[in-house]
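See structure below.
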Amino acid sequence: MNALTCFGEKTTAAVAGFLLVVVGIVFLGLGFTVLPIFGFIVAIPAFIASFPLLRVAFKEACEYYGK
């Protein structure tokens, strides 16, 4: 299998995962300082949603191409 077969999907998943981690960190900081309830309500789901995306991004095999 070509090394670039699923490069687009992995790159997109990595960017989205890192973006969600950054959003989670920002809102976690806001949750401790300015917006206690709203910050945690946004931060926790952002962290939870980032884990599957990052797992797919750094998986050795491709999801959609049979390997």
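In the structure tokens, chains take the letters A, B, ... in the order shown, each chain's residues start at 1, and ligands count up from 1 in the order shown.
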
### Message
For stretch 45-50 of chain A, find every residue with an atom within 7 Å (counting only C-alpha atoms), except residues of its own chain fewer than 6 positions away, and show them as number ranges by chain.
### Response
A: 17, 20-21, 23-24

### Task
Identify, on the basis of only C-alpha atoms, every residue whose closest approach to A:Lys59 does not exceed 12 Å; exclude the query and any residue fewer than 5 positions from it along the same chain; express the result as a list in words.
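So the residues in contact are Cys6, Phe7, Glu9, Lys10, Thr11, Ala13, Ala14, Pro52, Leu53, Leu54 and Lys67 of chain A.
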
Output the selection as a CSV table (one decimal), in the first residue's frame - C-alpha atoms for each residue.
```
chain,number,residue,atom,x,y,z
A,6,CYS,CA,-4.9,8.0,3.5
A,7,PHE,CA,-2.7,11.0,4.1
A,9,GLU,CA,-7.8,11.7,6.3
A,10,LYS,CA,-5.0,11.4,8.8
A,11,THR,CA,-4.0,15.0,8.4
A,13,ALA,CA,-8.1,14.1,11.9
A,14,ALA,CA,-4.8,15.3,13.4
A,52,PRO,CA,-10.8,9.4,18.8
A,53,LEU,CA,-9.6,11.9,16.2
A,54,LEU,CA,-6.1,11.8,17.5
A,67,LYS,CA,-5.7,-2.1,6.1
```

### Task
Could you check which of A:Val26, A:Phe18, A:Phe58, A:Phe51 is closest to A:Gly39, using only C-alpha atoms?
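Residue with the minimum atom-to-atom distance to A:Gly39: A:Val26.
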
### Query
Distance atom CA of A:Ala16-atom CA of A:Arg55, one decimal place?
11.6 Å

### Message
For A:Ile41, find every residue with an atom within 9 Å (counting only C-alpha atoms), except residues of its own chain fewer than 4 positions away, and show them as a ChimeraX atom specification.
### Response
/A:27,31,36-37,45

## Note on the structure
What separates atom CA of A:Ile25 and atom CA of A:Ala43 is a distance of 6.9 Å

#### Entry: Of the listed residues A:Ile44, A:Leu28, A:Ala57, A:Val34, that which approaches A:Thr12 most closely, counting only C-alpha atoms
A:Ala57

### Query
What are the DSSP helix (DSSP H, G or I) residues of chain A, as a ChimeraX atom specification?
/A:7-33,36-57
